[in-house]
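Trainee: Structure: coords-v1.cif, mmCIF, C-alpha atoms.
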```
data_data
#
loop_
_atom_site.label_atom_id
_atom_site.label_comp_id
_atom_site.auth_asym_id
_atom_site.auth_seq_id
_atom_site.Cartn_x
_atom_site.Cartn_y
_atom_site.Cartn_z
CA MET A 1 75.71 65.71 -15.73
CA LYS A 2 75.12 68.16 -12.90
CA LEU A 3 76.73 71.50 -13.69
CA ALA A 4 77.65 74.37 -11.44
CA SER A 5 75.28 77.33 -11.73
CA VAL A 6 75.90 80.98 -12.37
CA GLU A 7 73.63 81.74 -9.41
CA ASP A 8 76.10 79.92 -7.17
CA GLU A 9 78.90 81.95 -8.73
CA TYR A 10 77.16 85.21 -7.84
CA ARG A 11 76.92 84.00 -4.26
CA LYS A 12 80.56 82.89 -4.16
CA ASN A 13 82.07 85.98 -5.80
CA LYS A 14 81.11 89.44 -4.60
CA ASN A 15 83.00 90.95 -7.55
CA LEU A 16 80.93 89.07 -10.10
CA HIS A 17 78.10 91.33 -11.25
CA VAL A 18 75.01 90.48 -13.29
CA ASP A 19 75.51 93.53 -15.51
CA ASP A 20 79.05 92.43 -16.40
CA VAL A 21 77.88 88.95 -17.39
CA LYS A 22 75.03 90.42 -19.45
CA SER A 23 77.43 92.82 -21.16
CA LEU A 24 79.88 90.03 -21.96
CA GLN A 25 77.03 87.85 -23.21
CA ALA A 26 75.88 90.64 -25.53
CA TRP A 27 79.42 90.90 -26.91
CA VAL A 28 79.65 87.14 -27.51
CA GLN A 29 76.35 87.12 -29.37
CA LYS A 30 77.65 89.82 -31.73
CA GLN A 31 80.66 87.69 -32.73
CA PRO A 32 79.54 85.57 -35.70
CA HIS A 33 82.40 83.08 -35.32
CA LEU A 34 81.82 82.26 -31.65
CA PRO A 35 79.52 79.46 -30.44
CA PRO A 36 76.94 80.05 -27.70
CA VAL A 37 78.67 80.61 -24.36
CA SER A 38 76.71 80.06 -21.16
CA ASP A 39 76.57 82.61 -18.35
CA LEU A 40 78.43 80.10 -16.17
CA GLN A 41 81.26 79.92 -18.67
CA LEU A 42 81.37 83.72 -18.86
CA ALA A 43 81.65 83.82 -15.06
CA LEU A 44 84.61 81.43 -15.26
CA PHE A 45 86.39 83.69 -17.74
CA LEU A 46 85.70 86.85 -15.76
CA HIS A 47 86.95 85.21 -12.57
CA SER A 48 90.14 83.94 -14.19
CA CYS A 49 90.85 87.44 -15.52
CA TYR A 50 90.21 89.12 -12.16
CA TRP A 51 86.98 90.72 -13.43
CA SER A 52 88.59 92.57 -16.37
CA MET A 53 86.04 92.69 -19.17
CA GLU A 54 88.59 93.26 -21.93
CA GLN A 55 90.89 90.53 -20.70
CA ALA A 56 87.93 88.16 -20.47
CA LYS A 57 87.02 88.88 -24.10
CA THR A 58 90.55 88.12 -25.23
CA THR A 59 90.70 84.95 -23.14
CA ILE A 60 87.41 83.73 -24.64
CA GLU A 61 88.72 84.44 -28.14
CA LYS A 62 91.94 82.53 -27.52
CA PHE A 63 90.25 79.65 -25.72
CA LEU A 64 87.80 78.98 -28.54
CA THR A 65 90.28 79.70 -31.34
CA TYR A 66 92.99 77.45 -29.94
CA ARG A 67 90.53 74.62 -29.41
CA GLY A 68 89.38 74.87 -33.01
CA ALA A 69 92.87 75.24 -34.46
CA TRP A 70 94.45 72.31 -32.61
CA PRO A 71 92.21 69.24 -33.02
CA ASP A 72 95.06 66.92 -32.00
CA PHE A 73 94.54 68.26 -28.46
CA PHE A 74 90.90 69.17 -28.38
CA ALA A 75 89.02 66.82 -30.74
CA ASN A 76 88.33 63.07 -30.51
CA ARG A 77 87.67 63.08 -26.76
CA ASN A 78 84.97 60.47 -26.45
CA PRO A 79 86.05 58.23 -23.52
CA ASN A 80 84.22 55.32 -25.16
CA ASP A 81 86.54 55.49 -28.17
CA PRO A 82 89.22 52.74 -27.99
CA LYS A 83 92.06 55.21 -28.63
CA VAL A 84 90.93 57.55 -25.85
CA ARG A 85 90.40 54.56 -23.54
CA ALA A 86 94.01 53.55 -24.20
CA ASP A 87 95.24 57.10 -23.47
CA MET A 88 93.24 57.12 -20.23
CA LYS A 89 95.05 53.97 -19.11
CA VAL A 90 98.44 55.64 -19.64
CA THR A 91 97.81 58.97 -17.91
CA LEU A 92 96.42 60.03 -14.55
CA ALA A 93 94.99 63.55 -14.24
CA SER A 94 92.86 64.08 -11.16
CA PHE A 95 91.92 66.68 -8.61
CA LEU A 96 92.93 65.63 -5.12
CA PRO A 97 90.13 65.53 -2.53
CA SER A 98 91.89 68.01 -0.22
CA THR A 99 93.20 71.50 -0.93
CA THR A 100 96.36 73.36 0.05
CA ALA A 101 96.60 75.44 3.21
CA GLU A 102 95.64 78.44 1.07
CA ASN A 103 92.51 76.57 -0.12
CA TYR A 104 93.85 76.04 -3.64
CA LYS A 105 92.73 73.00 -5.62
CA ILE A 106 95.44 70.52 -6.57
CA VAL A 107 95.59 68.80 -9.97
CA PHE A 108 97.75 65.67 -9.82
CA HIS A 109 99.25 64.49 -13.12
CA ARG A 110 101.29 61.31 -13.61
CA LEU A 111 102.13 58.60 -16.14
CA MET A 112 100.63 55.33 -14.92
CA ASP A 113 102.24 53.35 -17.73
CA SER A 114 105.92 54.17 -18.31
CA ASP A 115 106.10 52.39 -21.69
CA VAL A 116 107.62 55.14 -23.82
CA ASP A 117 105.99 53.73 -26.97
CA LYS A 118 102.58 54.62 -25.51
CA PHE A 119 103.58 58.19 -24.62
CA THR A 120 102.84 61.37 -26.56
CA VAL A 121 102.62 64.91 -25.20
CA ARG A 122 99.39 65.50 -27.10
CA ASP A 123 97.62 62.50 -25.57
CA THR A 124 98.77 63.18 -22.00
CA GLN A 125 97.81 66.84 -22.25
CA LYS A 126 94.44 65.94 -23.74
CA ILE A 127 93.68 63.84 -20.66
CA PHE A 128 94.88 66.68 -18.41
CA ASP A 129 92.60 69.22 -20.10
CA MET A 130 89.63 66.84 -19.99
CA CYS A 131 90.12 66.63 -16.23
CA VAL A 132 90.30 70.41 -15.76
CA THR A 133 87.42 71.38 -18.06
CA LEU A 134 85.11 68.82 -16.46
CA GLU A 135 85.96 70.09 -12.97
CA LEU A 136 85.34 73.71 -13.98
CA MET A 137 81.90 72.97 -15.37
CA GLN A 138 80.90 70.80 -12.41
CA LYS A 139 82.38 72.85 -9.57
CA GLY A 140 82.74 76.40 -10.93
CA THR A 141 85.34 78.93 -9.83
CA PHE A 142 87.92 78.40 -7.13
CA ASP A 143 90.48 80.61 -5.38
CA GLY A 144 93.38 79.05 -7.22
CA TYR A 145 94.85 75.95 -8.79
CA VAL A 146 98.14 74.17 -8.17
CA ILE A 147 99.44 71.62 -10.67
CA ILE A 148 101.63 68.74 -9.50
CA CYS A 149 103.31 66.75 -12.28
CA ASP A 150 104.86 63.59 -10.90
CA MET A 151 107.46 62.70 -13.51
CA SER A 152 109.19 60.12 -11.33
CA THR A 153 107.83 57.41 -13.63
CA SER A 154 109.22 59.21 -16.70
CA THR A 155 112.63 58.61 -18.22
CA MET A 156 114.99 60.59 -20.42
CA ALA A 157 113.45 58.69 -23.35
CA HIS A 158 110.08 60.30 -22.56
CA THR A 159 111.74 63.71 -22.41
CA PHE A 160 113.43 63.33 -25.78
CA LYS A 161 110.14 62.16 -27.28
CA THR A 162 108.55 65.47 -26.27
CA ASP A 163 107.14 67.34 -29.25
CA ILE A 164 108.35 70.96 -29.21
CA LEU A 165 105.41 72.33 -31.22
CA ALA A 166 102.94 70.48 -29.00
CA THR A 167 104.71 71.80 -25.91
CA LYS A 168 104.61 75.36 -27.25
CA ARG A 169 100.90 75.14 -27.96
CA MET A 170 100.00 73.72 -24.56
CA MET A 171 102.12 76.33 -22.80
CA MET A 172 100.25 79.04 -24.69
CA TYR A 173 96.89 77.47 -23.91
CA MET A 174 97.64 77.20 -20.20
CA GLN A 175 98.97 80.74 -19.93
CA GLU A 176 96.68 82.56 -22.31
CA ALA A 177 93.36 80.72 -22.50
CA LEU A 178 92.59 78.29 -19.70
CA PRO A 179 90.07 80.06 -17.38
CA VAL A 180 91.75 79.33 -14.04
CA ARG A 181 93.82 81.27 -11.54
CA LEU A 182 97.10 79.37 -11.57
CA ARG A 183 99.03 79.61 -8.28
CA GLY A 184 101.82 77.10 -8.71
CA VAL A 185 103.31 74.33 -10.85
CA HIS A 186 105.40 71.60 -9.21
CA LEU A 187 107.39 69.04 -11.20
CA ILE A 188 108.93 66.02 -9.47
CA THR A 189 111.75 64.59 -11.54
CA MET A 190 115.45 63.85 -11.69
CA SER A 191 117.70 66.89 -12.02
CA ALA A 192 119.04 65.68 -15.38
CA ILE A 193 115.52 65.54 -16.81
CA SER A 194 114.53 68.85 -15.26
CA ASN A 195 117.48 70.56 -16.96
CA VAL A 196 116.51 69.20 -20.37
CA LEU A 197 112.83 69.90 -19.80
CA MET A 198 113.45 73.47 -18.71
CA SER A 199 115.51 74.14 -21.82
CA MET A 200 112.53 72.98 -23.89
CA VAL A 201 109.76 74.93 -22.18
CA LYS A 202 111.54 78.10 -21.05
CA PRO A 203 111.34 79.83 -24.45
CA PHE A 204 107.54 79.57 -24.27
CA MET A 205 107.08 80.65 -20.67
CA LYS A 206 106.01 84.10 -19.55
CA LYS A 207 107.99 85.43 -16.62
CA GLU A 208 104.89 85.20 -14.43
CA LEU A 209 104.69 81.43 -14.98
CA THR A 210 108.42 81.01 -14.46
CA SER A 211 108.02 82.45 -10.97
CA LEU A 212 105.32 79.85 -10.20
CA LEU A 213 107.38 76.89 -11.40
CA HIS A 214 109.13 74.61 -8.89
CA PHE A 215 111.31 71.56 -9.62
CA HIS A 216 111.69 68.84 -6.97
CA ASP A 217 114.02 65.86 -6.95
CA SER A 218 111.92 64.08 -4.32
CA TYR A 219 108.57 64.21 -2.57
CA GLU A 220 110.35 65.33 0.59
CA SER A 221 111.20 68.53 -1.26
CA LEU A 222 107.58 68.95 -2.37
CA PHE A 223 106.32 68.43 1.20
CA LYS A 224 108.04 71.69 2.18
CA LEU A 225 105.53 73.57 0.02
CA ILE A 226 102.50 71.25 -0.22
CA PRO A 227 101.06 69.58 2.91
CA ARG A 228 102.07 65.92 2.99
CA GLU A 229 98.63 64.74 4.13
CA VAL A 230 96.80 65.96 1.00
CA LEU A 231 98.90 63.84 -1.38
CA PRO A 232 98.29 60.23 -2.43
CA ALA A 233 99.16 57.56 0.15
CA ASP A 234 101.55 55.72 -2.17
CA VAL A 235 103.77 58.80 -2.51
CA GLY A 236 103.92 59.47 1.22
CA GLY A 237 100.64 61.29 1.81
CA GLN A 238 97.36 60.30 3.39
CA GLY A 239 94.95 60.68 0.47
CA PRO A 240 93.65 58.08 -2.00
CA THR A 241 96.38 56.15 -3.81
CA THR A 242 97.30 57.04 -7.38
CA ARG A 243 95.72 53.74 -8.46
CA GLU A 244 92.44 54.70 -6.78
CA LEU A 245 92.57 58.16 -8.33
CA HIS A 246 93.28 56.67 -11.73
CA GLU A 247 90.39 54.20 -11.52
CA ASN A 248 88.03 56.98 -10.45
CA MET A 249 89.25 59.26 -13.25
CA GLN A 250 88.51 56.63 -15.90
CA LYS A 251 85.09 55.89 -14.40
CA THR A 252 84.19 59.60 -14.21
CA PHE A 253 85.30 60.29 -17.77
CA ILE A 254 83.19 57.42 -19.11
CA GLU A 255 80.16 58.55 -17.09
CA ASN A 256 80.50 62.02 -18.63
CA ALA A 257 81.21 60.94 -22.20
CA ASP A 258 78.36 63.09 -23.58
CA PHE A 259 79.94 66.20 -22.05
CA PHE A 260 83.29 65.59 -23.75
CA VAL A 261 81.64 64.94 -27.10
CA GLU A 262 79.59 68.14 -26.82
CA GLN A 263 82.69 70.15 -25.90
CA GLU A 264 84.31 69.25 -29.22
CA SER A 265 81.95 71.71 -30.94
CA PHE A 266 82.70 74.44 -28.40
CA ILE A 267 85.16 76.12 -30.77
CA SER A 268 85.32 79.15 -33.02
CA ASN A 269 84.22 78.95 -36.65
CA GLU A 270 86.98 80.86 -38.43
CA SER A 271 85.07 80.88 -41.71
CA LEU A 272 82.52 83.21 -40.07
CA ARG A 273 85.02 85.57 -38.41
CA ASP A 274 84.79 89.19 -39.61
CA CYS A 275 88.43 89.90 -38.95
CA ARG A 276 91.21 88.24 -37.00
CA PRO A 277 92.51 90.17 -33.96
CA SER A 278 96.08 91.43 -34.18
CA TYR A 279 97.26 89.00 -31.53
CA MET A 280 96.37 85.97 -33.65
CA ASP A 281 98.80 84.61 -36.18
CA GLN A 282 97.14 84.38 -39.60
CA ASP A 283 99.02 81.31 -40.79
CA LEU A 284 99.28 79.16 -37.66
CA GLY A 285 96.07 80.22 -35.93
CA ILE A 286 97.85 80.75 -32.61
CA GLY A 287 98.16 83.75 -30.34
CA ILE A 288 101.42 85.65 -30.54
CA GLY A 289 100.53 88.67 -28.44
CA GLY A 290 101.82 89.57 -25.00
CA SER A 291 100.46 88.11 -21.81
CA PHE A 292 97.13 89.55 -20.77
CA LYS A 293 96.06 87.26 -17.96
CA ARG A 294 97.38 88.11 -14.55
CA LEU A 295 99.03 85.21 -12.77
CA ASP A 296 99.13 85.41 -8.99
CA LEU A 297 102.69 85.79 -7.76
CA ASP A 298 102.02 85.68 -4.04
#
```
Show the structure stored in the file as structure tokens.

Mentor:
Amino acid sequence: MKLASVEDEYRKNKNLHVDDVKSLQAWVQKQPHLPPVSDLQLALFLHSCYWSMEQAKTTIEKFLTYRGAWPDFFANRNPNDPKVRADMKVTLASFLPSTTAENYKIVFHRLMDSDVDKFTVRDTQKIFDMCVTLELMQKGTFDGYVIICDMSTSTMAHTFKTDILATKRMMMYMQEALPVRLRGVHLITMSAISNVLMSMVKPFMKKELTSLLHFHDSYESLFKLIPREVLPADVGGQGPTTRELHENMQKTFIENADFFVEQESFISNESLRDCRPSYMDQDLGIGIGGSFKRLDLD
């Protein structure tokens, strides 16, 4: 698999400095519980934290701790495994070929199989994270990311099947650990579902994320904020259809199976940790501290 390079990141980001990456690398190597972290990965964390060294350290800690603590999300990711293959058939998570007017990347997320018996939050979010982590390692940093969740194929039965604990954990991971600059989250769904969904997720949302969240009852509403032409053709845009995106996602995941298997060991080893930071919960192994990553509110 061809990865992005830290040299490219230095060229792309004038605020990324060699000395900062070296300093962060020295810190990582002094943490007995952390696995090796490449300079490229350190650049991703620094970028997502707007070059704050201390925030980057905390984000790295949470990223690797969460991934080790929650194997239902972050383990068993081999696309050649029959269970993962089945999950890949249910869920679409793909970056669209075109960006927004602000040059933000768009992640498009949708259920391709509406059979509620095949749906779990953990499996759909696993596919979503596989998509994002692969893109980060192949393409490197980007100005910002916009998430579009097309829930038009979901029903109230899917909503009521939503696991609250799983939702809480993924909200924490997205807000506290994922090394991206999140610029917007758009959900397309019926108003009845959006009301129920909001009541579920709101307790776990920081105010910064709340300000980035938009509910739409139709694509026409979404087109007021996201250019129509960048979206899939079968939802009114001019890009590849959701079926084409889905087929390409499955093909790409299978081609990069070794990457996903290797990433399963990219976690903290809590048995080697000297002491747990105050923002980690001793019993649950999840962060309970305040928000430290800045979300762009423009």

Trainee: Exactly which residues make up the result of the PyMOL selection byres ((chain A and resi 88-95) around 7) on this file, given as a list of chain:residue names?

Mentor: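 In the shown coordinates, the PyMOL selection byres ((chain A and resi 88-95) around 7) covers A:Val84, A:Arg85, A:Ala86, A:Asp87, A:Leu96, A:Pro97, A:Ile106, A:Val107, A:Phe108, A:His109, A:Arg110, A:Leu111, A:Met112, A:Asp113, A:Thr124, A:Ile127, A:Phe128, A:Cys131, A:Leu245, A:His246, A:Met249, A:Gln250.
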
Trainee: Any chance you could work out the residue set of the PyMOL selection byres ((chain A and resi 270) around 9) here, as an NGL selection string?

Mentor: :A and (33-34 or 65 or 68 or 268-269 or 271-274 or 276)

Trainee: Once the PyMOL selection byres ((chain A and resi 151) around 7) has been applied to the shown file, what residues remain in the selection, as a PyMOL selection string?

Mentor: chain A and resi 110+149-150+152-154+187-189

Trainee: Which residue, A:Met174, A:Arg169, A:Ser5, A:Asp39, has the smallest gap to Ala69 (chain A) when you use all atoms listed in the file?

Mentor: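 Of the candidates, the smallest distance to Ala69 (chain A) is held by A:Arg169.
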
Trainee: When you draw a straight line from CA of Pro35 (chain A) to CA of Asn80 (chain A), how long is it in Å?

Mentor: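 Here the two named atoms are 25.2 Å from each other.
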
Trainee: Interatomic distance between CA of Met205 (chain A) and CA of Met171 (chain A)?

Mentor: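 Pair CA of Met205 (chain A) / CA of Met171 (chain A) returns 6.9 Å.
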
Trainee: Go through A:Lys207, A:Lys202, A:His186, A:Lys14 and flag the residue nearest Leu225 (chain A), using all atoms listed in the file for the distances.

Mentor: A:His186

Trainee: With distances taken over all atoms listed in the file, which of A:Lys105, A:Arg228, A:Lys118, A:Lys206 is nearest to Glu135 (chain A)?

Mentor: A:Lys105

Trainee: Would you work out the distance separating CA of Leu212 (chain A) from CA of Ala192 (chain A), expressed in Å to one decimal?

Mentor: 20.4 Å

Trainee: When you count all atoms listed in the file, which of these residues is closest to Met172 (chain A): A:Lys62, A:Lys2, A:Lys224, A:Lys22?

Mentor: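 Ranked by minimum distance to Met172 (chain A), first place goes to A:Lys62.
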
Trainee: Please determine, counting all atoms listed in the file, which residue among A:Ala177, A:Leu24, A:Leu42, A:Ile193 has the shortest atom-to-atom distance to Glu54 (chain A).

Mentor: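 Residue with the minimum atom-to-atom distance to Glu54 (chain A): A:Leu24.
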
Trainee: Tell me which protein, DNA and RNA residues are within 6 Å of region 73-75 of chain A, counting only C-alpha atoms, leaving out same-chain ones fewer than 5 positions away, and put them as a ChimeraX atom specification.

Mentor: /A:67,122,126,264

Trainee: If we count all atoms listed in the file and set the cut-off at 9 Å, which residues sit around Asn256 (chain A), ignoring sequence neighbours fewer than 3 positions away in its own chain? Please answer as a VMD selection string.

Mentor: chain A and resid 1 79 134 251 to 253 259 to 260

Trainee: May I have the residues within 10 Å of Glu9 (chain A) as a CSV table (one decimal) with C-alpha atoms, in the frame of the given file, using only C-alpha atoms and disregarding those fewer than 6 positions away in the same chain?

Mentor:
```
chain,number,residue,atom,x,y,z
A,15,ASN,CA,83.0,91.0,-7.6
A,16,LEU,CA,80.9,89.1,-10.1
A,17,HIS,CA,78.1,91.3,-11.2
A,39,ASP,CA,76.6,82.6,-18.4
A,40,LEU,CA,78.4,80.1,-16.2
A,43,ALA,CA,81.6,83.8,-15.1
A,44,LEU,CA,84.6,81.4,-15.3
A,47,HIS,CA,87.0,85.2,-12.6
A,139,LYS,CA,82.4,72.8,-9.6
A,140,GLY,CA,82.7,76.4,-10.9
A,141,THR,CA,85.3,78.9,-9.8
A,142,PHE,CA,87.9,78.4,-7.1
```

Trainee: Met53 (chain A): which residues within 9 Å, counting all atoms listed in the file, same-chain residues fewer than 5 positions away excluded, as a list in words?

Mentor: Asp20, Ser23, Leu24, Leu46 and Thr58 of chain A

Trainee: For Lys12 (chain A), which of A:Ile226, A:Thr162, A:Ile60, A:Asp143 is the closest residue, counting all atoms listed in the file?

Mentor: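 Residue with the minimum atom-to-atom distance to Lys12 (chain A): A:Asp143.
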